[in-house]
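K.L.:
To be precise about what I am sending: the file is called query-v2.cif and holds mmCIF, C-alpha atoms.
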```cif
data_target
#
loop_
_atom_site.label_atom_id
_atom_site.label_comp_id
_atom_site.auth_asym_id
_atom_site.auth_seq_id
_atom_site.Cartn_x
_atom_site.Cartn_y
_atom_site.Cartn_z
CA MET B 1 78.39 -29.46 41.70
CA LYS B 2 77.99 -26.04 43.23
CA GLY B 3 76.40 -23.49 40.95
CA GLN B 4 75.03 -26.14 38.64
CA VAL B 5 72.28 -27.23 40.99
CA SER B 6 69.25 -24.96 40.79
CA ALA B 7 67.64 -23.66 43.96
CA ARG B 8 64.59 -25.74 43.17
CA GLN B 9 66.61 -28.92 42.94
CA GLU B 10 68.39 -28.07 46.18
CA VAL B 11 65.03 -28.24 47.94
CA LEU B 12 63.53 -31.10 45.98
CA LYS B 13 66.42 -33.52 46.46
CA GLY B 14 65.49 -33.83 50.13
CA LEU B 15 61.94 -34.84 49.28
CA TRP B 16 62.73 -37.85 47.12
CA ASP B 17 66.19 -38.55 45.70
CA GLN B 18 68.00 -37.99 48.98
CA ASN B 19 65.05 -38.25 51.35
CA PRO B 20 66.74 -38.48 54.75
CA THR B 21 64.34 -41.09 56.11
CA LEU B 22 63.45 -43.23 53.11
CA ARG B 23 66.65 -43.01 51.01
CA GLN B 24 69.46 -42.19 53.44
CA LEU B 25 67.87 -44.06 56.36
CA LEU B 26 69.03 -41.41 58.83
CA GLY B 27 67.26 -40.55 62.06
CA MET B 28 65.60 -43.95 62.39
CA CYS B 29 65.20 -43.71 66.14
CA PRO B 30 62.53 -40.98 66.28
CA THR B 31 61.11 -42.33 63.03
CA LEU B 32 60.22 -45.60 64.70
CA ALA B 33 59.53 -44.35 68.20
CA ILE B 34 57.17 -41.42 67.89
CA THR B 35 55.16 -42.32 64.77
CA THR B 36 52.26 -43.74 66.75
CA SER B 37 49.90 -40.93 65.78
CA ALA B 38 49.88 -38.57 62.83
CA ILE B 39 50.02 -35.43 64.96
CA ASN B 40 53.22 -36.70 66.57
CA GLY B 41 54.76 -37.16 63.15
CA VAL B 42 53.87 -33.62 62.10
CA ALA B 43 55.10 -32.11 65.38
CA MET B 44 58.38 -34.00 65.29
CA GLY B 45 58.87 -33.02 61.66
CA LEU B 46 58.22 -29.33 62.33
CA ALA B 47 60.62 -29.36 65.28
CA VAL B 48 63.31 -30.93 63.09
CA ILE B 49 62.67 -28.44 60.24
CA PHE B 50 63.14 -25.56 62.66
CA VAL B 51 66.34 -26.96 64.15
CA LEU B 52 67.67 -27.92 60.73
CA ILE B 53 67.09 -24.50 59.17
CA CYS B 54 68.54 -22.62 62.14
CA SER B 55 71.56 -24.86 62.57
CA ASN B 56 72.33 -25.06 58.84
CA LEU B 57 72.11 -21.28 58.55
CA MET B 58 74.21 -20.64 61.64
CA ILE B 59 76.84 -23.22 60.74
CA SER B 60 77.20 -22.00 57.19
CA LEU B 61 77.65 -18.46 58.54
CA VAL B 62 80.39 -19.42 60.99
CA ARG B 63 81.97 -22.11 58.82
CA ARG B 64 85.06 -20.01 58.03
CA LEU B 65 85.49 -18.85 61.64
CA VAL B 66 85.45 -22.26 63.31
CA PRO B 67 88.77 -24.13 63.07
CA ASN B 68 88.53 -27.58 61.58
CA GLN B 69 89.71 -29.40 64.72
CA VAL B 70 86.83 -28.20 66.91
CA ARG B 71 84.11 -27.98 64.29
CA ILE B 72 82.08 -30.97 65.50
CA ALA B 73 82.08 -29.71 69.08
CA ALA B 74 81.02 -26.26 67.93
CA TYR B 75 78.31 -27.67 65.65
CA ILE B 76 76.87 -29.81 68.43
CA VAL B 77 76.69 -26.84 70.80
CA ILE B 78 74.93 -24.80 68.11
CA ILE B 79 72.49 -27.63 67.38
CA ALA B 80 71.86 -28.30 71.08
CA THR B 81 71.05 -24.63 71.62
CA PHE B 82 68.34 -24.64 68.97
CA VAL B 83 66.97 -27.96 70.19
CA THR B 84 66.69 -26.62 73.72
CA VAL B 85 64.86 -23.58 72.40
CA VAL B 86 62.36 -25.87 70.67
CA ASP B 87 62.01 -28.05 73.75
CA LEU B 88 61.34 -25.13 76.09
CA THR B 89 58.95 -23.49 73.64
CA MET B 90 56.95 -26.69 73.23
CA LYS B 91 56.79 -27.25 76.98
CA ALA B 92 55.61 -23.67 77.47
CA ARG B 93 53.13 -23.46 74.60
CA PHE B 94 52.10 -27.03 73.71
CA PRO B 95 52.47 -29.06 76.93
CA GLU B 96 50.36 -31.99 75.70
CA LEU B 97 52.31 -32.43 72.48
CA SER B 98 55.52 -32.09 74.40
CA SER B 99 54.56 -34.83 76.84
CA SER B 100 53.53 -37.22 74.05
CA LEU B 101 56.85 -36.70 72.25
CA GLY B 102 58.66 -37.23 75.54
CA ALA B 103 62.43 -37.43 75.38
CA PHE B 104 62.52 -37.37 71.60
CA ILE B 105 62.54 -33.59 71.31
CA PRO B 106 65.73 -33.19 73.40
CA LEU B 107 67.15 -36.16 71.47
CA ILE B 108 66.97 -34.18 68.21
CA VAL B 109 70.45 -33.05 69.29
CA VAL B 110 71.82 -36.44 68.32
CA ASN B 111 69.56 -36.92 65.30
CA CYS B 112 72.09 -37.77 62.62
CA ILE B 113 70.14 -35.87 59.95
CA ILE B 114 71.02 -32.58 61.63
CA LEU B 115 74.73 -33.19 62.16
CA GLY B 116 74.83 -34.98 58.80
CA ARG B 117 73.56 -31.92 56.95
CA ALA B 118 75.87 -29.66 58.98
CA GLU B 119 78.92 -31.73 58.03
CA ALA B 120 77.97 -32.67 54.49
CA PHE B 121 76.35 -29.47 53.36
CA ALA B 122 76.26 -26.38 55.57
CA SER B 123 79.99 -26.48 56.35
CA LYS B 124 80.76 -26.37 52.62
CA ASN B 125 78.01 -24.11 51.23
CA GLY B 126 76.74 -20.59 51.63
CA PRO B 127 73.84 -19.59 53.90
CA TRP B 128 71.19 -19.37 51.18
CA ARG B 129 71.85 -22.85 49.79
CA SER B 130 72.15 -24.27 53.29
CA VAL B 131 68.71 -22.98 54.17
CA LEU B 132 67.27 -24.45 50.97
CA ASP B 133 68.92 -27.76 51.75
CA ALA B 134 67.50 -27.67 55.29
CA VAL B 135 64.00 -26.90 54.02
CA GLY B 136 64.13 -29.83 51.61
CA MET B 137 65.62 -32.32 54.05
CA GLY B 138 63.28 -31.23 56.84
CA ALA B 139 60.26 -31.45 54.56
CA GLY B 140 61.33 -34.91 53.40
CA PHE B 141 61.65 -36.04 57.02
CA THR B 142 58.28 -34.53 57.95
CA VAL B 143 56.41 -36.03 55.01
CA SER B 144 57.92 -39.47 55.61
CA LEU B 145 57.15 -39.40 59.33
CA THR B 146 53.62 -38.14 58.85
CA PHE B 147 52.92 -40.80 56.22
CA LEU B 148 54.32 -43.57 58.40
CA ALA B 149 52.50 -42.26 61.46
CA SER B 150 49.19 -41.92 59.59
CA LEU B 151 49.33 -45.54 58.46
CA ARG B 152 50.13 -46.70 61.98
CA GLU B 153 47.42 -44.55 63.55
CA ILE B 154 44.75 -45.66 61.06
CA LEU B 155 45.53 -49.36 61.44
CA GLY B 156 46.46 -49.34 65.10
CA ASN B 157 43.83 -46.99 66.47
CA GLY B 158 41.21 -46.57 63.74
CA THR B 159 41.75 -42.80 63.75
CA LEU B 160 43.64 -40.16 61.77
CA PHE B 161 44.72 -36.95 63.53
CA GLY B 162 42.46 -38.09 66.35
CA VAL B 163 39.36 -38.30 64.12
CA THR B 164 37.70 -41.69 64.16
CA LEU B 165 37.63 -43.11 60.65
CA PHE B 166 36.21 -46.58 61.19
CA PRO B 167 33.98 -46.82 64.28
CA ALA B 168 33.54 -50.57 63.82
CA TRP B 169 37.26 -51.21 63.35
CA GLU B 170 38.94 -53.44 65.90
CA PRO B 171 42.36 -51.75 66.04
CA TRP B 172 45.50 -53.76 65.41
CA VAL B 173 47.31 -52.73 68.57
CA VAL B 174 50.56 -54.18 67.21
CA MET B 175 50.74 -51.34 64.70
CA ILE B 176 51.14 -48.85 67.56
CA LEU B 177 53.76 -51.03 69.26
CA PRO B 178 57.40 -51.08 68.11
CA ALA B 179 56.86 -54.13 65.91
CA GLY B 180 54.27 -52.22 63.88
CA GLY B 181 56.78 -49.42 63.39
CA PHE B 182 59.34 -51.77 61.89
CA LEU B 183 56.74 -53.53 59.73
CA THR B 184 55.32 -50.30 58.33
CA LEU B 185 58.72 -48.73 57.76
CA GLY B 186 59.96 -51.87 56.00
CA LEU B 187 56.97 -51.98 53.68
CA ILE B 188 57.26 -48.27 52.88
CA LEU B 189 61.00 -48.64 52.14
CA GLY B 190 60.23 -51.60 49.90
CA GLY B 191 57.58 -49.60 48.08
CA VAL B 192 59.94 -46.65 47.58
CA ASN B 193 62.61 -48.98 46.21
CA LEU B 194 60.10 -50.56 43.81
CA ILE B 195 59.06 -47.14 42.50
CA ASN B 196 62.68 -46.08 42.10
CA ARG B 197 63.56 -49.28 40.29
CA SER B 198 60.75 -48.93 37.78
CA HIS B 199 61.70 -45.24 37.28
CA GLU B 200 65.28 -46.26 36.70
CA ALA B 201 64.23 -48.89 34.18
CA SER B 202 62.07 -46.48 32.21
CA ARG B 203 64.81 -43.84 32.34
CA ARG B 204 67.28 -46.31 30.86
CA ARG B 205 64.87 -47.22 28.12
CA ALA B 206 64.39 -43.55 27.29
CA LEU B 207 68.16 -43.03 27.20
CA VAL B 208 68.66 -45.97 24.91
CA GLU B 209 66.01 -44.73 22.55
CA ALA B 210 67.46 -41.23 22.58
CA SER B 211 70.89 -42.56 21.81
CA ARG B 212 69.55 -44.65 18.96
CA ALA B 213 67.75 -41.68 17.52
CA ALA B 214 70.84 -39.51 17.84
CA ALA B 215 73.53 -41.86 16.69
CA GLY B 216 71.63 -44.40 14.68
CA PHE B 217 72.86 -47.93 15.12
CA ALA B 218 76.44 -47.06 14.39
CA LEU B 219 77.34 -46.31 18.00
CA PRO B 220 74.88 -48.29 20.05
CA GLY B 221 74.53 -47.05 23.58
CA ALA B 222 77.51 -44.74 23.36
CA ALA B 223 75.62 -41.55 24.05
CA ALA B 224 73.76 -43.13 26.90
CA GLY B 225 76.84 -44.41 28.70
CA THR B 226 76.82 -47.60 30.68
CA PRO B 227 73.07 -47.95 31.27
CA ALA B 228 72.62 -48.81 27.60
CA ARG B 229 75.21 -51.57 27.67
CA GLY B 230 73.91 -54.81 26.23
CA GLU B 231 71.61 -53.12 23.81
CA ALA B 232 73.94 -53.72 20.89
CA MET N 1 100.38 -22.43 70.85
CA LYS N 2 98.56 -19.90 68.76
CA THR N 3 96.29 -22.53 67.26
CA THR N 4 95.52 -24.00 70.68
CA LEU N 5 94.45 -20.60 71.95
CA HIS N 6 92.40 -20.11 68.83
CA LEU N 7 90.61 -23.44 69.37
CA ILE N 8 89.87 -22.64 72.98
CA ALA N 9 88.70 -19.14 72.16
CA THR N 10 86.36 -20.43 69.47
CA LEU N 11 84.70 -22.96 71.74
CA VAL N 12 84.43 -20.45 74.58
CA ALA N 13 82.79 -17.95 72.25
CA VAL N 14 80.33 -20.52 70.91
CA GLY N 15 79.51 -21.65 74.44
CA LEU N 16 79.02 -18.12 75.72
CA VAL N 17 76.67 -17.14 72.91
CA ALA N 18 74.72 -20.39 73.28
CA GLY N 19 74.47 -20.05 77.06
CA ALA N 20 73.39 -16.43 76.90
CA SER N 21 70.64 -17.07 74.36
CA LEU N 22 69.38 -20.10 76.26
CA SER N 23 69.13 -18.18 79.50
CA LEU N 24 67.03 -15.59 77.68
CA VAL N 25 64.68 -18.24 76.31
CA ASN N 26 64.49 -19.98 79.66
CA GLY N 27 63.56 -16.75 81.39
CA TRP N 28 60.56 -16.50 79.11
CA ALA N 29 59.57 -20.18 79.10
CA GLN N 30 60.06 -21.30 82.71
CA PRO N 31 57.14 -19.35 84.25
CA LEU N 32 54.85 -20.66 81.50
CA ILE N 33 56.02 -24.24 82.05
CA ASP N 34 55.42 -23.96 85.79
CA ALA N 35 51.98 -22.48 85.17
CA ASN N 36 51.13 -25.38 82.85
CA GLU N 37 52.14 -27.95 85.44
CA THR N 38 50.12 -26.27 88.15
CA LYS N 39 47.13 -26.06 85.83
CA VAL N 40 47.28 -29.78 85.02
CA LYS N 41 47.66 -30.62 88.70
CA MET N 42 44.80 -28.40 89.89
CA ALA N 43 42.51 -29.72 87.15
CA GLY N 44 43.38 -33.18 88.44
CA VAL N 45 42.49 -32.18 92.01
CA MET N 46 38.97 -31.15 90.94
CA GLU N 47 38.57 -34.22 88.78
CA VAL N 48 39.39 -36.85 91.41
CA VAL N 49 37.01 -35.45 94.02
CA PRO N 50 33.72 -35.12 92.10
CA GLY N 51 31.74 -31.98 92.88
CA GLY N 52 34.73 -30.06 94.24
CA ALA N 53 34.62 -26.28 93.90
CA ALA N 54 37.66 -25.12 95.87
CA SER N 55 40.80 -26.59 97.31
CA LYS N 56 43.38 -25.78 99.95
CA PRO N 57 46.91 -27.15 100.06
CA ILE N 58 47.46 -29.44 103.03
CA SER N 59 50.07 -27.08 104.45
CA GLU N 60 47.21 -24.71 105.34
CA VAL N 61 44.95 -27.39 106.80
CA ALA N 62 47.25 -29.79 108.60
CA PRO N 63 50.78 -28.42 108.66
CA GLY N 64 53.17 -31.24 109.43
CA PRO N 65 56.90 -31.62 109.71
CA ALA N 66 57.82 -29.89 106.48
CA SER N 67 59.31 -32.02 103.70
CA ALA N 68 59.62 -35.03 105.99
CA ASP N 69 57.29 -37.17 103.88
CA ASN N 70 57.15 -35.13 100.66
CA LEU N 71 53.39 -35.22 100.91
CA GLU N 72 51.54 -33.12 98.39
CA ALA N 73 47.81 -33.10 99.05
CA TYR N 74 44.84 -30.79 98.78
CA GLN N 75 41.68 -30.59 100.82
CA VAL N 76 38.74 -30.28 98.42
CA LEU N 77 35.64 -28.30 99.42
CA ASP N 78 32.29 -27.78 97.76
CA GLY N 79 30.64 -24.40 97.22
CA GLN N 80 29.42 -24.17 100.85
CA GLY N 81 32.81 -24.92 102.37
CA GLN N 82 31.93 -28.52 103.20
CA VAL N 83 34.88 -30.91 103.04
CA LEU N 84 34.32 -33.38 100.19
CA GLY N 85 37.60 -35.18 100.47
CA TRP N 86 41.29 -35.07 99.73
CA ALA N 87 43.30 -35.12 96.56
CA VAL N 88 46.75 -36.64 96.96
CA PHE N 89 49.55 -36.38 94.45
CA GLY N 90 51.65 -39.52 93.97
CA GLU N 91 54.56 -40.59 91.86
CA GLY N 92 56.27 -43.93 91.27
CA THR N 93 57.81 -46.26 88.75
CA GLY N 94 55.55 -47.77 86.14
CA PHE N 95 56.35 -50.25 83.38
CA SER N 96 58.75 -48.05 81.45
CA ASP N 97 58.97 -44.72 83.23
CA LYS N 98 57.54 -42.72 86.10
CA ILE N 99 53.79 -42.52 86.58
CA ARG N 100 52.47 -39.34 88.19
CA LEU N 101 48.90 -39.35 89.38
CA MET N 102 46.34 -37.66 91.56
CA VAL N 103 44.02 -39.76 93.70
CA GLY N 104 40.89 -38.60 95.47
CA VAL N 105 40.10 -39.90 98.95
CA SER N 106 36.96 -39.50 101.05
CA PRO N 107 37.13 -37.22 104.17
CA ASP N 108 37.42 -40.27 106.46
CA LEU N 109 40.24 -41.59 104.27
CA ASN N 110 38.47 -44.94 103.85
CA ARG N 111 37.36 -44.77 100.25
CA THR N 112 38.85 -43.65 96.97
CA LEU N 113 36.76 -41.08 95.13
CA GLY N 114 38.61 -40.98 91.83
CA ILE N 115 41.93 -41.05 90.07
CA LYS N 116 43.66 -39.06 87.36
CA ILE N 117 46.89 -40.12 85.66
CA LEU N 118 48.85 -36.92 85.12
CA LYS N 119 51.80 -38.41 83.26
CA ASP N 120 52.85 -41.87 82.14
CA SER N 121 54.92 -43.57 79.45
CA GLU N 122 53.19 -46.93 79.50
CA THR N 123 52.85 -49.23 76.48
CA PRO N 124 50.37 -47.74 74.02
CA GLY N 125 47.18 -49.75 73.82
CA LEU N 126 47.93 -51.82 76.94
CA GLY N 127 49.44 -49.91 79.85
CA THR N 128 47.85 -46.67 78.69
CA LYS N 129 44.49 -48.13 79.68
CA ILE N 130 45.31 -46.89 83.19
CA ARG N 131 44.30 -43.45 81.89
CA GLU N 132 40.68 -44.07 81.05
CA GLY N 133 38.10 -46.82 80.85
CA ALA N 134 37.20 -49.63 83.21
CA TYR N 135 40.43 -49.53 85.23
CA PRO N 136 40.32 -45.94 86.53
CA ASP N 137 36.53 -46.22 86.79
CA GLN N 138 37.03 -48.61 89.69
CA PHE N 139 38.64 -45.83 91.72
CA PHE N 140 35.56 -43.68 91.08
CA GLY N 141 33.43 -46.53 92.43
CA ARG N 142 31.89 -47.15 89.02
CA GLY N 143 31.19 -50.73 88.02
CA ARG N 144 31.52 -52.14 91.54
CA PRO N 145 29.31 -52.57 94.65
CA ALA N 146 27.90 -49.48 96.35
CA PRO N 147 30.46 -48.16 98.87
CA GLY N 148 33.13 -48.07 96.18
CA LEU N 149 36.78 -48.94 96.55
CA GLU N 150 38.03 -49.20 100.10
CA ALA N 151 41.21 -47.28 100.37
CA GLY N 152 43.43 -49.34 102.28
CA PRO N 153 45.61 -50.98 101.36
CA LEU N 154 44.44 -51.94 97.89
CA THR N 155 45.45 -55.13 96.15
CA VAL N 156 45.42 -56.04 92.47
CA VAL N 157 43.58 -59.17 91.34
CA LYS N 158 43.28 -60.83 87.96
CA GLY N 159 39.67 -61.38 87.00
CA ALA N 160 36.67 -59.76 88.65
CA ALA N 161 37.25 -57.92 91.94
CA GLU N 162 35.25 -59.28 94.89
CA ALA N 163 36.53 -57.81 98.14
CA PRO N 164 36.01 -54.05 98.60
CA ASN N 165 39.76 -53.40 98.46
CA GLU N 166 40.41 -55.34 95.27
CA VAL N 167 41.26 -53.67 91.99
CA GLN N 168 40.85 -55.63 88.79
CA ALA N 169 44.04 -55.61 86.72
CA ILE N 170 44.14 -54.63 83.07
CA THR N 171 44.62 -57.69 80.88
CA GLY N 172 48.13 -57.58 79.45
CA ALA N 173 49.21 -54.73 81.69
CA THR N 174 49.52 -56.23 85.16
CA ILE N 175 52.69 -54.31 85.95
CA SER N 176 51.08 -50.97 85.10
CA SER N 177 47.98 -51.89 87.11
CA LYS N 178 50.07 -52.85 90.12
CA ALA N 179 52.23 -49.74 89.81
CA VAL N 180 49.19 -47.46 89.98
CA VAL N 181 47.79 -49.29 93.01
CA SER N 182 51.08 -49.18 94.88
CA ILE N 183 51.44 -45.44 94.21
CA VAL N 184 47.88 -44.94 95.48
CA ASN N 185 48.57 -47.03 98.60
CA GLU N 186 51.73 -45.11 99.36
CA SER N 187 50.08 -41.72 98.86
CA VAL N 188 47.08 -42.60 100.98
CA SER N 189 49.20 -43.98 103.81
CA LYS N 190 51.30 -40.79 103.77
CA LEU N 191 48.13 -38.74 104.06
CA ARG N 192 46.88 -40.98 106.88
CA SER N 193 50.00 -40.63 108.93
CA ARG N 194 50.01 -36.85 108.40
CA ILE N 195 46.49 -36.03 109.47
CA GLY N 196 45.58 -39.11 111.52
CA GLN N 197 42.28 -40.85 111.07
CA GLY N 198 40.57 -39.15 114.01
CA GLU N 199 40.74 -35.55 112.87
CA ALA N 200 40.42 -36.35 109.20
CA GLY N 201 36.97 -34.88 108.75
CA ARG N 202 37.91 -31.58 110.32
#
```
In C-alpha cells, what does this structure look like?
P.N.:
Amino acid sequence: MKGQVSARQEVLKGLWDQNPTLRQLLGMCPTLAITTSAINGVAMGLAVIFVLICSNLMISLVRRLVPNQVRIAAYIVIIATFVTVVDLTMKARFPELSSSLGAFIPLIVVNCIILGRAEAFASKNGPWRSVLDAVGMGAGFTVSLTFLASLREILGNGTLFGVTLFPAWEPWVVMILPAGGFLTLGLILGGVNLINRSHEASRRRALVEASRAAAGFALPGAAAGTPARGEA
Amino acid sequence: MKTTLHLIATLVAVGLVAGASLSLVNGWAQPLIDANETKVKMAGVMEVVPGGAASKPISEVAPGPASADNLEAYQVLDGQGQVLGWAVFGEGTGFSDKIRLMVGVSPDLNRTLGIKILKDSETPGLGTKIREGAYPDQFFGRGRPAPGLEAGPLTVVKGAAEAPNEVQAITGATISSKAVVSIVNESVSKLRSRIGQGEAGR
C-alpha cells in the first residue's frame, strides 16, 4: 500500500472513507458529550488535530528507537505530554472555552483515535505521511463534530456559534441533553451510510458497464470482479 | 538482561523528555491560569455587590483564626470608601459536579445583594438556569417584595416564594436550586461567625 497512495489521498481518506467519527466510530465519548454548541465542536476538533499531528510526527520519528514491548507505554506518555500542553495552553489563553469543555480536553489522552492512528499508522510510516494522515483524520473528526454540534445547537438552543437564528423558536432542550446527542449522531450515521450505499451501487453499475464495453458479452463481469456477479 | 535494560532506558528517556517539556510549559502557563482565576473572582465580587468600586480581602478587615473556616470573603466599598457589603466565595456539590459561586451580602449581613455562579457543570437547559434569569435575580432582590431576600438561612420552595427567606426553585432543577442555596447559607454563616453581627458595619 505504501508508495501507491498519493499524498492527497492520505489526507482525504480521513475526511470520508475512513472518517474516524462517522466511519470508524472512534472517539464517541467526546463526540457525544461536548457537541452541545458549535464552538465546542470546533475547539475540541482543533485540540485533537494538534495532538494528533504532534503525536503522529513524534511517534513516527521514534518508531525505530522504541522497543516493541514498551511501545504502547511510550506512545501514551508522548500523547499525554501533548494533551497536557493543549490543556494548559487553553486554560491560560482561553479560560471560558476550557471550562465549557471541562474534563474532555485532558481525556483526549485516552481518545482512541489518537492511539489508534499511532498504532495503525505512525508506527509503520514515515514522518511526512504520518503528518498527512493526522491532518486528514483530525480534519474528519473536526468536521464531523462541528456538524453534529451545529445541528444540536440550532435545534436545542436556536443559535449557531452563539448567534440567534430563530428568535421565535422554542428550543428543543432534549437536543442539548445526552439523548439528543445519540439521536443526532444516529441520524447522521444513517445518512452517511445511505450516501455510501448509493455511491457503491452507482460505482458497481459503472464497473459493469466498463467491463461490458471492454470485454463485450463474452466474459461478463470478469473485468469488474465480484461486484458484477449476477449480471450474466 | 540487555533487553530489559533497553526497555527501562527507553521508558526513562521518554519520561524525562516529557517531564522536562511539561515543566517548561507549566512555568509559562501557571501564572496566566492563576491570573485568569483571580480576574473571574474579582469580577464576581464587583458584580454581586452592585455599585462596588473597590474591595478588600477579609484578612485585612477582620483577621480571624487563619484557615480555620476556609472563609474567602471581600469587603466591597464604593468610591467614597463607604461599605456597601460583602462578597463571599462559596463552593459545594451541585447536581453533577462542584458549583463555585460568589454571593453578595449587605453590611448588616441580613440581606443578599446578588449572586454570581463562577463555575458549574449542571444539566444544560435545566440546571444551568442557576447562572442567569429569574433564579439568580431573586438574590439581587429583583422580582420579589422590597427588602429583597433575607439572608438567613434561606430555604427553597416550589412555586412562588412568599416568606422573605424563600427562594423559588427552578422547575426541573430542584437539586441545583437547593445546592446553590445551601452553599449560600454555609458561606453566609461562615462570614457571620467570623465578623459577628455587631461589628459587621464597621
K.L.:
Which polymer residues have any atom within 9 Å of an atom of region 91-98 of chain B, counting all atoms listed in the file, with same-chain residues fewer than 2 positions away left out, as a ChimeraX atom specification?
P.N.:
/B:39-40,43,86-89,100-103,105 /N:28-37
K.L.:
Which distance in Å separates CA of Phe161 (chain B) and CA of Gly94 (chain N), to one decimal?
P.N.:
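Interatomic distance, CA of Phe161 (chain B) to CA of Gly94 (chain N): 27.3 Å.
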K.L.:
So what does the PyMOL selection byres ((chain B) within 8 of (chain N)) actually pick up in this one, as an MDAnalysis selection string?
P.N.:
chainID B and resid 66:67 69:70 73:74 77:78 81 84:85 88:89 91:93 95 99 173 176:177
K.L.:
Find the residues near region 13-29 of chain B: any atom within 7 Å, counting only C-alpha atoms, skip ones fewer than 4 places away on the same chain, and give them as a short mmCIF file (atom, residue, chain, number, x, y, z; two decimals) with C-alpha atoms, in the frame of the given file.
P.N.:
```
data_model
loop_
_atom_site.label_atom_id
_atom_site.label_comp_id
_atom_site.auth_asym_id
_atom_site.auth_seq_id
_atom_site.Cartn_x
_atom_site.Cartn_y
_atom_site.Cartn_z
CA GLN B 9 66.61 -28.92 42.94
CA ALA B 33 59.53 -44.35 68.20
CA ASN B 111 69.56 -36.92 65.30
CA CYS B 112 72.09 -37.77 62.62
CA ILE B 113 70.14 -35.87 59.95
CA GLY B 136 64.13 -29.83 51.61
CA MET B 137 65.62 -32.32 54.05
CA ALA B 139 60.26 -31.45 54.56
CA GLY B 140 61.33 -34.91 53.40
CA PHE B 141 61.65 -36.04 57.02
CA SER B 144 57.92 -39.47 55.61
CA LEU B 189 61.00 -48.64 52.14
#
```
K.L.:
May I have the residues at most 7 Å from (39.9, -30.1, 97.1) in the file's coordinates, counting only C-alpha atoms, as a PyMOL selection string?
P.N.:
chain N and resi 45-46+49+52+54-56+74-77+85-87
K.L.:
Can you pull out the residues contacting Lys190 (chain N)? Cut-off 8 Å, using all atoms listed in the file, and skip same-chain residues under 3 positions away; I want them as a compact mmCIF listing (two decimals) with C-alpha atoms, in the frame of the given file.
P.N.:
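Ended up saving to around-v2.txt:
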```
# COMPACT_ATOMS: atom_id res chain seq x y z
CA ASP N 69 57.29 -37.17 103.88
CA LEU N 71 53.39 -35.22 100.91
CA GLU N 186 51.73 -45.11 99.36
CA SER N 187 50.08 -41.72 98.86
CA SER N 193 50.00 -40.63 108.93
CA ARG N 194 50.01 -36.85 108.40
```
K.L.:
Suppose a student applies the PyMOL selection byres ((chain B and resi 171) around 9) to this structure; what residues should they get, written as an NGL selection string?
P.N.:
:B and (154-158 or 169-170 or 172-175)
K.L.:
Enter the distance from CA of Val88 (chain N) to CA of Val103 (chain N), in Å, rounded to one decimal.
P.N.:
5.3 Å
K.L.:
CA of Ala134 (chain B) to CA of Ile53 (chain B): how many Å, to one decimal?
P.N.:
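Spanning CA of Ala134 (chain B) to CA of Ile53 (chain B) is a straight-line distance of 5.0 Å.
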